[in-house]
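The structure appears right after this line, and notes come after that.
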Amino acid sequence: MDRPVTTLFMLMSVDGKISPGASDHLDVDKDFPTIAGVKEGLHQYYEIEKATDLWSLNSGRVQAKIGVNTAGMPDRTPVSFVVIDNKHLKQHGIRYLCALSKQFVLVTSNKKHPAFEIQDDHLHILYQNELSLRAALAKLKSEYHCERITIQTGGTLNGLFLREKLIDYLDIIVAPVLIGGKDTPTLIDGKSLLSESELSKLGVLKLQECVVLDNSYLRLRYKVIC
């Protein structure tokens, strides 16, 4: 394979929502710890997350939402981060990710991205005229020796990975909550299929493991078979 093996790892509600609502002010990391019946088992998600791949792919929007543009500088971790971003990361956020990462790779099609103004040995910029997830993954493997990577992006980018057949495995933690709302982000968003000719873009799965966790949480692990 000319790209890393990919695993989509996400926390979602029983109805597939990855956010408590349709506003960027709402976030599972901030809000789930306040909800009785949900907060009690939430630690299991974070414990499992610590055992995911040493390469992690995120979006600039998600990183901005969790506060990297204003957070204090972190300690360095053994994890290398890849972030796809055109407009959400500020200079402080980029410096934060450089401090956090073994290697930080920014994928962008914005020639004026503030990352171009930063000199840091941990920063690598992968510029594309137009976003190509497949090309980005191939370069991560060929130039940065990334063999496996965990995807933790928003529903829109997850949808692009799905449609381009770039998801190999799913590792889903299901929280015991129903959220609802047609505008609330889900595990897979983006453009809907409109015809039978597009059914080949579906992701067909084979269940590998179903684990009943404490406090009514579930862990579902699938292999994408086509």
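Please note that chains go A, B, ... in the order of the structure tokens, that every chain numbers its residues from 1, and that ligands are numbered from 1 in the order shown.
Those residues that approach segment 209-211 of chain A to within 7 Å, counting only C-alpha atoms, are A:Leu207, A:Leu213, A:Leu218, A:Arg219, A:Leu220, A:Arg221; same-chain residues fewer than 2 positions away are not listed.
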Okay, now the selection with N, CA, C and O atoms, as a compact mmCIF listing (two decimals), in the first residue's frame?
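Saved to part.txt:
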```txt
# COMPACT_ATOMS: atom_id res chain seq x y z
N LEU A 207 -17.69 -6.33 11.32
CA LEU A 207 -17.45 -6.14 12.74
C LEU A 207 -16.32 -7.05 13.22
O LEU A 207 -16.33 -8.25 12.99
N LEU A 213 -18.54 -1.61 27.57
CA LEU A 213 -17.72 -0.92 28.56
C LEU A 213 -18.59 -0.58 29.79
O LEU A 213 -19.79 -0.85 29.81
N LEU A 218 -20.15 1.63 24.77
CA LEU A 218 -19.78 0.55 23.87
C LEU A 218 -18.52 0.92 23.09
O LEU A 218 -18.29 2.10 22.79
N ARG A 219 -17.75 -0.10 22.75
CA ARG A 219 -16.65 0.09 21.80
C ARG A 219 -16.90 -0.83 20.61
O ARG A 219 -17.03 -2.05 20.78
N LEU A 220 -17.00 -0.26 19.42
CA LEU A 220 -17.26 -1.01 18.20
C LEU A 220 -16.05 -0.86 17.27
O LEU A 220 -15.65 0.26 16.92
N ARG A 221 -15.49 -2.00 16.87
CA ARG A 221 -14.33 -1.98 15.97
C ARG A 221 -14.69 -2.72 14.68
O ARG A 221 -15.13 -3.87 14.72
```
Might you pull out every residue within 9 Å of Gln103 of chain A, with only C-alpha atoms counted and same-chain residues fewer than 3 positions away left off, and present them as a PDB file with N, CA, C and O atoms, in the first residue's frame?
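Writing done, so here's part17.pdb:
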```
ATOM      1  N   TRP A  55       0.710   8.467  14.982  1.00  0.00           N
ATOM      2  CA  TRP A  55       0.405   9.540  14.035  1.00  0.00           C
ATOM      3  C   TRP A  55      -1.096   9.819  14.148  1.00  0.00           C
ATOM      4  O   TRP A  55      -1.905   8.899  14.129  1.00  0.00           O
ATOM      5  N   PRO A  78       5.113  11.875  22.248  1.00  0.00           N
ATOM      6  CA  PRO A  78       5.701  11.052  21.184  1.00  0.00           C
ATOM      7  C   PRO A  78       4.825  10.972  19.941  1.00  0.00           C
ATOM      8  O   PRO A  78       5.174  10.276  18.983  1.00  0.00           O
ATOM      9  N   VAL A  79       3.694  11.671  19.937  1.00  0.00           N
ATOM     10  CA  VAL A  79       2.742  11.611  18.826  1.00  0.00           C
ATOM     11  C   VAL A  79       3.085  12.669  17.783  1.00  0.00           C
ATOM     12  O   VAL A  79       3.397  13.813  18.119  1.00  0.00           O
ATOM     13  N   SER A  80       3.015  12.281  16.515  1.00  0.00           N
ATOM     14  CA  SER A  80       3.157  13.229  15.403  1.00  0.00           C
ATOM     15  C   SER A  80       1.761  13.602  14.914  1.00  0.00           C
ATOM     16  O   SER A  80       0.931  12.719  14.682  1.00  0.00           O
ATOM     17  N   PHE A  81       1.521  14.897  14.755  1.00  0.00           N
ATOM     18  CA  PHE A  81       0.205  15.379  14.366  1.00  0.00           C
ATOM     19  C   PHE A  81       0.218  15.900  12.937  1.00  0.00           C
ATOM     20  O   PHE A  81       1.136  16.606  12.524  1.00  0.00           O
ATOM     21  N   VAL A  82      -0.844  15.539  12.203  1.00  0.00           N
ATOM     22  CA  VAL A  82      -1.094  16.070  10.864  1.00  0.00           C
ATOM     23  C   VAL A  82      -2.396  16.851  10.963  1.00  0.00           C
ATOM     24  O   VAL A  82      -3.407  16.336  11.439  1.00  0.00           O
ATOM     25  N   LEU A  97       1.077  23.367  18.453  1.00  0.00           N
ATOM     26  CA  LEU A  97       1.162  22.031  17.852  1.00  0.00           C
ATOM     27  C   LEU A  97       2.606  21.622  17.595  1.00  0.00           C
ATOM     28  O   LEU A  97       2.942  20.442  17.695  1.00  0.00           O
ATOM     29  N   CYS A  98       3.472  22.589  17.301  1.00  0.00           N
ATOM     30  CA  CYS A  98       4.896  22.283  17.160  1.00  0.00           C
ATOM     31  C   CYS A  98       5.477  21.820  18.494  1.00  0.00           C
ATOM     32  O   CYS A  98       6.280  20.883  18.551  1.00  0.00           O
ATOM     33  N   LEU A 100       3.811  20.421  20.922  1.00  0.00           N
ATOM     34  CA  LEU A 100       3.157  19.176  21.322  1.00  0.00           C
ATOM     35  C   LEU A 100       3.680  17.964  20.572  1.00  0.00           C
ATOM     36  O   LEU A 100       3.725  16.859  21.107  1.00  0.00           O
ATOM     37  N   ASP A 121      11.833  23.543  13.794  1.00  0.00           N
ATOM     38  CA  ASP A 121      12.338  22.265  13.281  1.00  0.00           C
ATOM     39  C   ASP A 121      11.273  21.180  13.264  1.00  0.00           C
ATOM     40  O   ASP A 121      11.396  20.196  12.528  1.00  0.00           O
ATOM     41  N   HIS A 122      10.229  21.334  14.081  1.00  0.00           N
ATOM     42  CA  HIS A 122       9.173  20.318  14.151  1.00  0.00           C
ATOM     43  C   HIS A 122       8.045  20.569  13.144  1.00  0.00           C
ATOM     44  O   HIS A 122       7.149  19.744  13.017  1.00  0.00           O
ATOM     45  N   LEU A 123       8.095  21.697  12.440  1.00  0.00           N
ATOM     46  CA  LEU A 123       7.028  22.074  11.511  1.00  0.00           C
ATOM     47  C   LEU A 123       7.384  21.683  10.082  1.00  0.00           C
ATOM     48  O   LEU A 123       8.453  22.023   9.580  1.00  0.00           O
ATOM     49  N   HIS A 124       6.464  20.985   9.426  1.00  0.00           N
ATOM     50  CA  HIS A 124       6.594  20.634   8.015  1.00  0.00           C
ATOM     51  C   HIS A 124       5.298  21.051   7.328  1.00  0.00           C
ATOM     52  O   HIS A 124       4.207  20.710   7.805  1.00  0.00           O
ATOM     53  N   TYR A 144       7.716  10.856   5.411  1.00  0.00           N
ATOM     54  CA  TYR A 144       7.782  10.938   6.866  1.00  0.00           C
ATOM     55  C   TYR A 144       7.679   9.566   7.542  1.00  0.00           C
ATOM     56  O   TYR A 144       7.631   9.491   8.761  1.00  0.00           O
TER      57      TYR A 144
END
```
Report task. DSSP on the backbone, then: every residue of segment 62-145 of chain A marked alpha helix (DSSP H), written as a ChimeraX atom specification. Result -> /A:62-65,91-100,133-144
Would you save the residues of that selection, restricted to N, CA, C and O atoms, as a tab-separated table (two decimals), in the first residue's frame?
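The resulting file, part-v4.tsv, is reproduced below:
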```tsv
chain	number	residue	atom	x	y	z
A	62	VAL	N	-11.25	21.62	14.15
A	62	VAL	CA	-11.36	20.87	15.41
A	62	VAL	C	-10.33	21.38	16.42
A	62	VAL	O	-10.63	21.58	17.60
A	63	GLN	N	-9.09	21.60	15.96
A	63	GLN	CA	-8.04	22.07	16.86
A	63	GLN	C	-8.36	23.47	17.41
A	63	GLN	O	-8.14	23.74	18.60
A	64	ALA	N	-8.88	24.33	16.55
A	64	ALA	CA	-9.26	25.66	17.03
A	64	ALA	C	-10.40	25.57	18.04
A	64	ALA	O	-10.43	26.30	19.03
A	65	LYS	N	-11.33	24.65	17.78
A	65	LYS	CA	-12.49	24.49	18.66
A	65	LYS	C	-12.07	24.04	20.06
A	65	LYS	O	-12.69	24.44	21.05
A	91	GLN	N	-1.07	31.78	14.53
A	91	GLN	CA	0.34	31.50	14.80
A	91	GLN	C	0.53	30.82	16.15
A	91	GLN	O	1.34	29.90	16.27
A	92	HIS	N	-0.22	31.25	17.15
A	92	HIS	CA	-0.08	30.63	18.47
A	92	HIS	C	-0.46	29.15	18.41
A	92	HIS	O	0.21	28.30	19.01
A	93	GLY	N	-1.54	28.84	17.69
A	93	GLY	CA	-1.97	27.46	17.56
A	93	GLY	C	-0.94	26.60	16.87
A	93	GLY	O	-0.73	25.43	17.22
A	94	ILE	N	-0.27	27.16	15.88
A	94	ILE	CA	0.78	26.42	15.16
A	94	ILE	C	1.96	26.16	16.09
A	94	ILE	O	2.50	25.05	16.14
A	95	ARG	N	2.34	27.17	16.85
A	95	ARG	CA	3.45	26.99	17.80
A	95	ARG	C	3.06	25.97	18.88
A	95	ARG	O	3.90	25.18	19.33
A	96	TYR	N	1.80	25.99	19.29
A	96	TYR	CA	1.31	25.00	20.26
A	96	TYR	C	1.49	23.59	19.70
A	96	TYR	O	2.00	22.70	20.38
A	97	LEU	N	1.08	23.37	18.45
A	97	LEU	CA	1.16	22.03	17.85
A	97	LEU	C	2.61	21.62	17.59
A	97	LEU	O	2.94	20.44	17.69
A	98	CYS	N	3.47	22.59	17.30
A	98	CYS	CA	4.90	22.28	17.16
A	98	CYS	C	5.48	21.82	18.49
A	98	CYS	O	6.28	20.88	18.55
A	99	ALA	N	5.06	22.48	19.59
A	99	ALA	CA	5.55	22.12	20.92
A	99	ALA	C	5.03	20.75	21.36
A	99	ALA	O	5.70	20.01	22.06
A	100	LEU	N	3.81	20.42	20.92
A	100	LEU	CA	3.16	19.18	21.32
A	100	LEU	C	3.68	17.96	20.57
A	100	LEU	O	3.73	16.86	21.11
A	133	LEU	N	-6.54	14.23	-0.37
A	133	LEU	CA	-6.26	13.40	0.79
A	133	LEU	C	-5.36	12.23	0.43
A	133	LEU	O	-4.46	11.87	1.18
A	134	ARG	N	-5.62	11.65	-0.73
A	134	ARG	CA	-4.81	10.49	-1.15
A	134	ARG	C	-3.35	10.88	-1.33
A	134	ARG	O	-2.44	10.18	-0.87
A	135	ALA	N	-3.11	12.02	-1.97
A	135	ALA	CA	-1.73	12.46	-2.18
A	135	ALA	C	-1.06	12.82	-0.86
A	135	ALA	O	0.13	12.55	-0.66
A	136	ALA	N	-1.83	13.43	0.06
A	136	ALA	CA	-1.27	13.78	1.36
A	136	ALA	C	-0.87	12.54	2.13
A	136	ALA	O	0.22	12.48	2.72
A	137	LEU	N	-1.73	11.52	2.12
A	137	LEU	CA	-1.40	10.28	2.82
A	137	LEU	C	-0.18	9.59	2.20
A	137	LEU	O	0.69	9.08	2.91
A	138	ALA	N	-0.11	9.61	0.88
A	138	ALA	CA	1.04	8.98	0.20
A	138	ALA	C	2.34	9.68	0.58
A	138	ALA	O	3.36	9.03	0.82
A	139	LYS	N	2.30	11.00	0.68
A	139	LYS	CA	3.51	11.75	1.04
A	139	LYS	C	3.88	11.51	2.51
A	139	LYS	O	5.06	11.45	2.85
A	140	LEU	N	2.87	11.37	3.36
A	140	LEU	CA	3.18	11.07	4.76
A	140	LEU	C	3.95	9.76	4.88
A	140	LEU	O	4.85	9.64	5.71
A	141	LYS	N	3.60	8.80	4.05
A	141	LYS	CA	4.30	7.51	4.11
A	141	LYS	C	5.68	7.60	3.47
A	141	LYS	O	6.67	7.13	4.04
A	142	SER	N	5.77	8.20	2.29
A	142	SER	CA	7.03	8.20	1.55
A	142	SER	C	8.07	9.14	2.15
A	142	SER	O	9.26	8.83	2.14
A	143	GLU	N	7.63	10.29	2.68
A	143	GLU	CA	8.59	11.29	3.16
A	143	GLU	C	8.76	11.29	4.68
A	143	GLU	O	9.81	11.68	5.18
A	144	TYR	N	7.72	10.86	5.41
A	144	TYR	CA	7.78	10.94	6.87
A	144	TYR	C	7.68	9.57	7.54
A	144	TYR	O	7.63	9.49	8.76
```
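Note that atom CA of Gln208 of chain A and atom CA of Cys146 of chain A are 24.0 Å apart.
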Report task. Return the single residue from A:Thr184, A:Thr7, A:Thr77, A:Gln44 that is closest to Asp27 of chain A, with distances computed using only C-alpha atoms. Result -> A:Thr184
Segment 25-100 of chain A near segment 154-161 of chain A within 10 Å: what's each residue's closest atom pair and its distance in Å to one decimal, counting only C-alpha atoms, ordered by chain then ascending residue number, as CSV?
```
residue,atom,partner,partner_atom,distance
A:Asn58,CA,A:Gly154,CA,8.1
A:Ser59,CA,A:Gly154,CA,7.1
A:Gly60,CA,A:Gly154,CA,9.8
A:Arg61,CA,A:Gly154,CA,8.1
A:Val62,CA,A:Gly154,CA,6.8
A:Ile84,CA,A:Leu157,CA,9.2
```
